[in-house]
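**Q** One file: structure_15.csv (CSV, N, CA and C atoms).
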chain,number,residue,atom,x,y,z
F,1,MET,N,-12.3,18.1,19.3
F,1,MET,CA,-11.7,17.8,18.0
F,1,MET,C,-10.7,16.6,18.0
F,2,ARG,N,-10.2,16.4,19.2
F,2,ARG,CA,-9.2,15.2,19.3
F,2,ARG,C,-9.9,13.9,19.2
F,3,GLY,N,-11.2,13.8,19.7
F,3,GLY,CA,-11.9,12.6,19.5
F,3,GLY,C,-12.3,12.3,18.1
F,4,PHE,N,-12.5,13.3,17.3
F,4,PHE,CA,-12.8,13.1,15.8
F,4,PHE,C,-11.6,12.6,15.1
F,5,ARG,N,-10.4,13.1,15.5
F,5,ARG,CA,-9.1,12.6,14.8
F,5,ARG,C,-8.9,11.1,15.2
F,6,LEU,N,-9.2,10.8,16.4
F,6,LEU,CA,-9.1,9.4,16.9
F,6,LEU,C,-10.0,8.5,16.2
F,7,PHE,N,-11.3,9.0,15.9
F,7,PHE,CA,-12.2,8.2,15.2
F,7,PHE,C,-11.8,8.0,13.7
F,8,LYS,N,-11.2,9.0,13.1
F,8,LYS,CA,-10.7,8.9,11.7
F,8,LYS,C,-9.6,7.8,11.7
F,9,VAL,N,-8.7,7.8,12.7
F,9,VAL,CA,-7.6,6.8,12.7
F,9,VAL,C,-8.1,5.4,12.8
F,10,PHE,N,-9.1,5.1,13.6
F,10,PHE,CA,-9.6,3.8,13.8
F,10,PHE,C,-10.7,3.4,12.9
F,11,LYS,N,-11.3,4.3,12.1
F,11,LYS,CA,-12.4,4.0,11.2
F,11,LYS,C,-12.1,2.9,10.2
F,12,THR,N,-11.0,3.1,9.4
F,12,THR,CA,-10.7,2.2,8.3
F,12,THR,C,-10.4,0.8,8.8
F,13,PRO,N,-9.5,0.6,9.8
F,13,PRO,CA,-9.2,-0.7,10.3
F,13,PRO,C,-10.5,-1.4,10.9
F,14,PHE,N,-11.3,-0.6,11.5
F,14,PHE,CA,-12.6,-1.2,12.1
F,14,PHE,C,-13.4,-1.7,11.0
F,15,PHE,N,-13.6,-0.9,9.9
F,15,PHE,CA,-14.5,-1.4,8.8
F,15,PHE,C,-13.9,-2.6,8.0
F,16,VAL,N,-12.6,-2.6,7.9
F,16,VAL,CA,-11.9,-3.7,7.3
F,16,VAL,C,-12.1,-5.0,8.2
F,17,ALA,N,-12.0,-4.9,9.5
F,17,ALA,CA,-12.2,-6.0,10.4
F,17,ALA,C,-13.6,-6.5,10.3
F,18,VAL,N,-14.6,-5.6,10.2
F,18,VAL,CA,-16.0,-6.0,10.1
F,18,VAL,C,-16.2,-6.6,8.8
F,19,ALA,N,-15.7,-6.1,7.7
F,19,ALA,CA,-15.9,-6.7,6.4
F,19,ALA,C,-15.3,-8.2,6.4
F,20,PHE,N,-14.1,-8.3,6.9
F,20,PHE,CA,-13.5,-9.7,7.0
F,20,PHE,C,-14.3,-10.6,7.8
F,21,THR,N,-14.9,-10.1,8.9
F,21,THR,CA,-15.7,-11.0,9.8
F,21,THR,C,-17.0,-11.4,9.1
F,22,VAL,N,-17.6,-10.5,8.4
F,22,VAL,CA,-18.9,-10.8,7.7
F,22,VAL,C,-18.6,-11.8,6.6
F,23,LEU,N,-17.5,-11.5,5.8
F,23,LEU,CA,-17.2,-12.3,4.7
F,23,LEU,C,-16.8,-13.7,5.1
F,24,SER,N,-16.1,-13.8,6.3
F,24,SER,CA,-15.8,-15.1,6.8
F,24,SER,C,-17.0,-15.9,7.2
F,25,PHE,N,-18.0,-15.3,7.8
F,25,PHE,CA,-19.2,-16.0,8.2
F,25,PHE,C,-20.0,-16.4,7.0
F,26,VAL,N,-20.0,-15.6,6.0
F,26,VAL,CA,-20.7,-15.9,4.7
F,26,VAL,C,-20.0,-17.1,4.1
F,27,THR,N,-18.6,-17.1,4.0
F,27,THR,CA,-17.9,-18.2,3.4
F,27,THR,C,-18.1,-19.4,4.2
F,28,MET,N,-18.1,-19.3,5.6
F,28,MET,CA,-18.2,-20.5,6.4
F,28,MET,C,-19.6,-21.2,6.2
F,29,HIS,N,-20.6,-20.3,6.1
F,29,HIS,CA,-22.0,-20.9,6.0
F,29,HIS,C,-22.2,-21.5,4.6
F,30,LEU,N,-21.6,-20.8,3.6
F,30,LEU,CA,-21.8,-21.4,2.2
F,30,LEU,C,-21.0,-22.7,2.1
F,31,TRP,N,-19.8,-22.7,2.7
F,31,TRP,CA,-19.0,-24.0,2.6
F,31,TRP,C,-19.7,-25.1,3.3
F,32,ASN,N,-20.2,-24.8,4.6
F,32,ASN,CA,-20.9,-25.8,5.4
F,32,ASN,C,-22.2,-26.3,4.8
F,33,TRP,N,-22.8,-25.4,3.9
F,33,TRP,CA,-24.1,-25.8,3.3
F,33,TRP,C,-23.9,-26.6,2.0
F,34,VAL,N,-22.8,-26.2,1.2
F,34,VAL,CA,-22.7,-26.8,-0.1
F,34,VAL,C,-21.6,-28.0,-0.1
F,35,ILE,N,-20.4,-27.7,0.4
F,35,ILE,CA,-19.3,-28.6,0.2
F,35,ILE,C,-19.5,-30.0,0.8
F,36,PRO,N,-20.0,-30.1,2.1
F,36,PRO,CA,-20.2,-31.4,2.6
F,36,PRO,C,-21.3,-32.2,1.9
F,37,ALA,N,-22.3,-31.6,1.4
F,37,ALA,CA,-23.3,-32.3,0.7
F,37,ALA,C,-22.9,-32.8,-0.7
F,38,ILE,N,-22.0,-32.0,-1.3
F,38,ILE,CA,-21.5,-32.4,-2.7
F,38,ILE,C,-20.3,-33.3,-2.6
F,39,PHE,N,-19.3,-33.0,-1.8
F,39,PHE,CA,-18.1,-33.7,-1.8
F,39,PHE,C,-17.9,-34.6,-0.6
F,40,GLY,N,-18.7,-34.4,0.4
F,40,GLY,CA,-18.5,-35.2,1.6
F,40,GLY,C,-17.4,-34.8,2.5
F,41,LEU,N,-17.0,-33.5,2.3
F,41,LEU,CA,-15.9,-33.0,3.2
F,41,LEU,C,-16.4,-32.5,4.5
F,42,LYS,N,-15.6,-32.3,5.5
F,42,LYS,CA,-16.0,-31.8,6.8
F,42,LYS,C,-16.4,-30.3,6.7
F,43,THR,N,-17.2,-29.9,7.7
F,43,THR,CA,-17.5,-28.5,7.9
F,43,THR,C,-16.3,-27.8,8.4
F,44,ILE,N,-16.3,-26.4,8.2
F,44,ILE,CA,-15.2,-25.6,8.7
F,44,ILE,C,-15.7,-24.6,9.8
F,45,THR,N,-14.7,-24.1,10.5
F,45,THR,CA,-15.0,-23.1,11.6
F,45,THR,C,-14.9,-21.7,11.0
F,46,TRP,N,-15.2,-20.7,11.7
F,46,TRP,CA,-15.1,-19.3,11.3
F,46,TRP,C,-13.7,-19.0,11.0
F,47,LEU,N,-12.7,-19.4,11.9
F,47,LEU,CA,-11.3,-19.1,11.7
F,47,LEU,C,-10.8,-19.8,10.4
F,48,GLN,N,-11.2,-21.0,10.1
F,48,GLN,CA,-10.8,-21.7,8.9
F,48,GLN,C,-11.4,-21.0,7.7
F,49,ALA,N,-12.6,-20.4,7.8
F,49,ALA,CA,-13.1,-19.6,6.7
F,49,ALA,C,-12.3,-18.4,6.4
F,50,LEU,N,-11.9,-17.7,7.5
F,50,LEU,CA,-11.1,-16.5,7.4
F,50,LEU,C,-9.7,-16.9,6.7
F,51,GLU,N,-9.1,-18.0,7.1
F,51,GLU,CA,-7.9,-18.4,6.5
F,51,GLU,C,-8.1,-18.8,5.0
F,52,LEU,N,-9.3,-19.4,4.7
F,52,LEU,CA,-9.6,-19.7,3.3
F,52,LEU,C,-9.7,-18.4,2.5
F,53,LEU,N,-10.4,-17.4,3.0
F,53,LEU,CA,-10.5,-16.1,2.3
F,53,LEU,C,-9.1,-15.5,2.1
F,54,LEU,N,-8.3,-15.5,3.1
F,54,LEU,CA,-6.9,-14.9,2.9
F,54,LEU,C,-6.1,-15.7,1.9
F,55,LEU,N,-6.2,-17.0,1.9
F,55,LEU,CA,-5.5,-17.8,0.9
F,55,LEU,C,-6.0,-17.5,-0.5
F,56,CYS,N,-7.3,-17.4,-0.7
F,56,CYS,CA,-7.8,-17.0,-2.0
F,56,CYS,C,-7.4,-15.7,-2.4
F,57,LYS,N,-7.3,-14.7,-1.5
F,57,LYS,CA,-6.9,-13.4,-1.8
F,57,LYS,C,-5.4,-13.4,-2.2
F,58,ILE,N,-4.6,-14.1,-1.5
F,58,ILE,CA,-3.2,-14.2,-1.9
F,58,ILE,C,-3.0,-14.9,-3.2
F,59,LEU,N,-3.6,-16.0,-3.4
F,59,LEU,CA,-3.4,-16.8,-4.7
F,59,LEU,C,-4.1,-16.1,-5.8
F,60,GLY,N,-5.2,-15.5,-5.6
F,60,GLY,CA,-6.0,-15.0,-6.7
F,60,GLY,C,-5.7,-13.6,-7.1
F,61,GLY,N,-5.5,-12.7,-6.1
F,61,GLY,CA,-5.3,-11.3,-6.5
F,61,GLY,C,-4.2,-10.6,-5.9
F,62,GLY,N,-3.6,-11.1,-4.8
F,62,GLY,CA,-2.5,-10.4,-4.2
F,62,GLY,C,-3.1,-9.3,-3.3
F,63,PHE,N,-2.2,-8.5,-2.8
F,63,PHE,CA,-2.6,-7.4,-2.0
F,63,PHE,C,-2.2,-6.0,-2.5
F,64,TYR,N,-1.9,-6.0,-3.8
F,64,TYR,CA,-1.6,-4.8,-4.5
F,64,TYR,C,-2.8,-4.0,-4.7
F,65,ARG,N,-2.7,-2.7,-5.0
F,65,ARG,CA,-3.9,-1.9,-5.3
F,65,ARG,C,-4.3,-2.1,-6.7
F,66,HIS,N,-5.6,-2.4,-6.9
F,66,HIS,CA,-6.2,-2.7,-8.2
F,66,HIS,C,-6.6,-1.4,-8.8
F,67,GLY,N,-6.4,-1.2,-10.1
F,67,GLY,CA,-6.8,0.0,-10.8
F,67,GLY,C,-5.8,1.1,-10.6
F,68,VAL,N,-6.0,2.2,-11.3
F,68,VAL,CA,-5.1,3.3,-11.2
F,68,VAL,C,-5.7,4.5,-10.4
F,69,GLY,N,-7.0,4.4,-10.2
F,69,GLY,CA,-7.7,5.5,-9.5
F,69,GLY,C,-7.8,6.8,-10.3
F,70,TYR,N,-8.3,7.8,-9.7
F,70,TYR,CA,-8.6,9.0,-10.4
F,70,TYR,C,-7.3,9.7,-10.9
F,71,ARG,N,-6.3,9.7,-10.0
F,71,ARG,CA,-5.0,10.4,-10.4
F,71,ARG,C,-4.4,9.7,-11.6
F,72,GLY,N,-4.4,8.4,-11.7
F,72,GLY,CA,-3.8,7.7,-12.8
F,72,GLY,C,-4.6,8.0,-14.1
F,73,ARG,N,-5.9,8.0,-14.0
F,73,ARG,CA,-6.7,8.4,-15.2
F,73,ARG,C,-6.3,9.8,-15.7
F,74,ARG,N,-6.2,10.7,-14.8
F,74,ARG,CA,-5.9,12.1,-15.1
F,74,ARG,C,-4.5,12.2,-15.8
F,75,GLU,N,-3.5,11.4,-15.2
F,75,GLU,CA,-2.2,11.5,-15.8
F,75,GLU,C,-2.2,10.8,-17.2
F,76,TRP,N,-3.0,9.7,-17.4
F,76,TRP,CA,-3.1,9.1,-18.7
F,76,TRP,C,-3.7,10.1,-19.7
F,77,LYS,N,-4.8,10.7,-19.3
F,77,LYS,CA,-5.4,11.7,-20.2
F,77,LYS,C,-4.5,12.8,-20.6
F,78,GLN,N,-3.7,13.3,-19.6
F,78,GLN,CA,-2.8,14.4,-19.9
F,78,GLN,C,-1.7,13.9,-20.9
F,79,ARG,N,-1.2,12.7,-20.8
F,79,ARG,CA,-0.2,12.2,-21.7
F,79,ARG,C,-0.8,12.0,-23.1
F,80,MET,N,-2.1,11.6,-23.2
F,80,MET,CA,-2.8,11.5,-24.5
F,80,MET,C,-3.0,12.8,-25.1
F,81,VAL,N,-3.3,13.8,-24.3
F,81,VAL,CA,-3.5,15.2,-24.9
F,81,VAL,C,-2.1,15.7,-25.4
F,82,GLU,N,-1.1,15.4,-24.7
F,82,GLU,CA,0.3,15.8,-25.2
F,82,GLU,C,0.6,15.1,-26.5
F,83,LYS,N,0.4,13.8,-26.6
F,83,LYS,CA,0.6,13.1,-27.8
F,83,LYS,C,-0.2,13.7,-29.0
F,84,TRP,N,-1.5,14.0,-28.7
F,84,TRP,CA,-2.4,14.5,-29.7
F,84,TRP,C,-1.9,15.8,-30.2
F,85,MET,N,-1.4,16.7,-29.3
F,85,MET,CA,-0.9,18.0,-29.7
F,85,MET,C,0.4,17.9,-30.5
F,86,GLU,N,1.2,16.8,-30.4
F,86,GLU,CA,2.4,16.7,-31.1
F,86,GLU,C,2.1,16.1,-32.5
F,87,MET,N,0.9,15.5,-32.7
F,87,MET,CA,0.6,14.9,-34.0
F,87,MET,C,0.4,15.9,-35.1
F,88,SER,N,0.8,15.6,-36.3
F,88,SER,CA,0.5,16.5,-37.4
F,88,SER,C,-1.0,16.2,-37.8
F,89,PRO,N,-1.6,17.1,-38.6
F,89,PRO,CA,-3.0,16.9,-39.0
F,89,PRO,C,-3.2,15.6,-39.8
F,90,GLU,N,-2.2,15.1,-40.5
F,90,GLU,CA,-2.3,13.9,-41.2
F,90,GLU,C,-2.3,12.7,-40.3
F,91,GLU,N,-1.5,12.8,-39.2
F,91,GLU,CA,-1.4,11.7,-38.2
F,91,GLU,C,-2.7,11.7,-37.4
F,92,ARG,N,-3.3,12.8,-37.1
F,92,ARG,CA,-4.5,12.9,-36.4
F,92,ARG,C,-5.6,12.2,-37.2
F,93,GLU,N,-5.7,12.5,-38.5
F,93,GLU,CA,-6.7,11.9,-39.4
F,93,GLU,C,-6.5,10.4,-39.5
F,94,ARG,N,-5.3,9.9,-39.6
F,94,ARG,CA,-5.1,8.5,-39.6
F,94,ARG,C,-5.5,7.8,-38.3
F,95,PHE,N,-5.2,8.5,-37.2
F,95,PHE,CA,-5.7,8.0,-35.9
F,95,PHE,C,-7.2,7.9,-35.8
F,96,ARG,N,-7.8,9.0,-36.2
F,96,ARG,CA,-9.3,9.0,-36.2
F,96,ARG,C,-9.9,7.9,-37.1
F,97,ALA,N,-9.3,7.7,-38.3
F,97,ALA,CA,-9.8,6.6,-39.2
F,97,ALA,C,-9.5,5.3,-38.6
F,98,GLY,N,-8.4,5.1,-38.0
F,98,GLY,CA,-8.1,3.8,-37.4
F,98,GLY,C,-9.1,3.5,-36.2
F,99,MET,N,-9.4,4.5,-35.4
F,99,MET,CA,-10.3,4.3,-34.3
F,99,MET,C,-11.7,4.0,-34.8
F,100,ARG,N,-12.1,4.7,-35.9
F,100,ARG,CA,-13.4,4.5,-36.5
F,100,ARG,C,-13.5,3.1,-37.0
F,101,GLY,N,-12.5,2.6,-37.6
F,101,GLY,CA,-12.4,1.3,-38.2
F,101,GLY,C,-12.5,0.2,-37.2
F,102,ARG,N,-11.8,0.4,-36.1
F,102,ARG,CA,-11.7,-0.6,-35.0
F,102,ARG,C,-12.9,-0.6,-34.1
F,103,TRP,N,-13.2,0.5,-33.6
F,103,TRP,CA,-14.2,0.6,-32.6
F,103,TRP,C,-15.6,1.2,-33.0
F,104,GLY,N,-15.6,1.8,-34.2
F,104,GLY,CA,-16.8,2.4,-34.7
F,104,GLY,C,-17.1,3.7,-34.0
F,105,CYS,N,-16.1,4.3,-33.4
F,105,CYS,CA,-16.3,5.6,-32.8
F,105,CYS,C,-15.4,6.7,-33.4
F,106,GLY,N,-15.9,7.9,-33.4
F,106,GLY,CA,-15.1,9.0,-33.9
F,106,GLY,C,-14.7,9.9,-32.9
F,107,PHE,N,-13.6,10.6,-33.1
F,107,PHE,CA,-13.1,11.6,-32.1
F,107,PHE,C,-13.2,13.0,-32.7
F,108,ASP,N,-14.4,13.2,-33.4
F,108,ASP,CA,-14.6,14.5,-34.1
F,108,ASP,C,-15.7,15.2,-33.4
F,109,ALA,N,-15.3,16.1,-32.5
F,109,ALA,CA,-16.3,16.9,-31.8
F,109,ALA,C,-17.0,17.9,-32.8
F,110,ASP,N,-16.2,18.4,-33.8
F,110,ASP,CA,-16.7,19.4,-34.7
F,110,ASP,C,-17.4,18.9,-35.9
F,111,ARG,N,-17.3,17.5,-36.1
F,111,ARG,CA,-18.0,16.9,-37.3
F,111,ARG,C,-19.2,16.1,-36.8
F,112,PRO,N,-20.3,16.2,-37.6
F,112,PRO,CA,-21.4,15.3,-37.3
F,112,PRO,C,-21.1,13.9,-37.6
F,113,PRO,N,-21.7,12.9,-36.9
F,113,PRO,CA,-21.5,11.5,-37.1
F,113,PRO,C,-22.0,11.1,-38.5
F,114,ALA,N,-21.3,10.2,-39.1
F,114,ALA,CA,-21.7,9.7,-40.4
F,114,ALA,C,-23.1,9.0,-40.3
F,115,PRO,N,-23.9,9.2,-41.3
F,115,PRO,CA,-25.3,8.5,-41.2
F,115,PRO,C,-25.1,7.0,-41.4
F,116,GLU,N,-25.8,6.3,-40.6
F,116,GLU,CA,-25.8,4.8,-40.8
F,116,GLU,C,-26.6,4.4,-41.9
F,117,GLN,N,-26.1,3.4,-42.7
F,117,GLN,CA,-26.9,2.9,-43.8
F,117,GLN,C,-27.6,1.6,-43.4
F,118,SER,N,-28.8,1.5,-43.8
F,118,SER,CA,-29.6,0.3,-43.5
F,118,SER,C,-29.1,-0.9,-44.4
F,119,SER,N,-29.3,-2.1,-43.9
F,119,SER,CA,-28.9,-3.3,-44.7
F,119,SER,C,-30.0,-3.8,-45.6
F,120,ARG,N,-31.1,-3.0,-45.8
F,120,ARG,CA,-32.2,-3.4,-46.6
F,120,ARG,C,-31.9,-3.3,-48.1
Could you express the structure from this file as structure tokens?

**A**
Amino acid sequence: MRGFRLFKVFKTPFFVAVAFTVLSFVTMHLWNWVIPAIFGLKTITWLQALELLLLCKILGGGFYRHGVGYRGRREWKQRMVEKWMEMSPEERERFRAGMRGRWGCGFDADRPPAPEQSSR
């Protein structure tokens, strides 16, 4: 059982290292194939490609976690349910009408959708 725990500890860093290595080689080969032919720049090494990837990550996206994940969606949905329950029937109908007008969707599970009219 101890070996399985050790595997779990090293699994993520291993796959991250493999992903960075593969992406670095892909970046290096693409750079060396395209950039010298177009702009006349020098070819780059694998380490320079890795540095280029890290620089692009820092400048373009940072290292924060993207998205909110499942927990964030669940919390958002719970907040929306709470807001919905606090609305009066008139406010709910106004909300439904506004969503239908903006997005063409209805939040009426108990009502059938309105029939579409043809433009003929």

**Q** Tell me, as number ranges by chain, which residues lie within 7 Å of Trp31 of chain F, counting all atoms listed in the file; anything in the same chain fewer than 4 positions away does not count.

**A** F: 26-27, 35-36, 43-44

**Q** Report, in Å to a single decimal, how far apart atom CA of Leu52 of chain F and atom C of Val9 of chain F are.

**A**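 Here the two named atoms are 26.9 Å from each other.
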
**Q** How far is it from atom CA of Met87 of chain F to atom CA of Met99 of chain F, in Å with one decimal?

**A**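 Computing the Euclidean distance for atom CA of Met87 of chain F and atom CA of Met99 of chain F yields 15.2 Å.
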
**Q** Which distance in Å separates atom CA of Phe10 of chain F and atom C of Ile58 of chain F, to one decimal?

**A**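 So the answer is 26.1 Å.
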
**Q** At a cut-off of 8 Å, using all atoms listed in the file, what residues contact Leu23 of chain F? Leave out same-chain residues fewer than 4 positions from it and give the result as a ChimeraX atom specification.

**A** /F:17-19,27-29,49-50,53
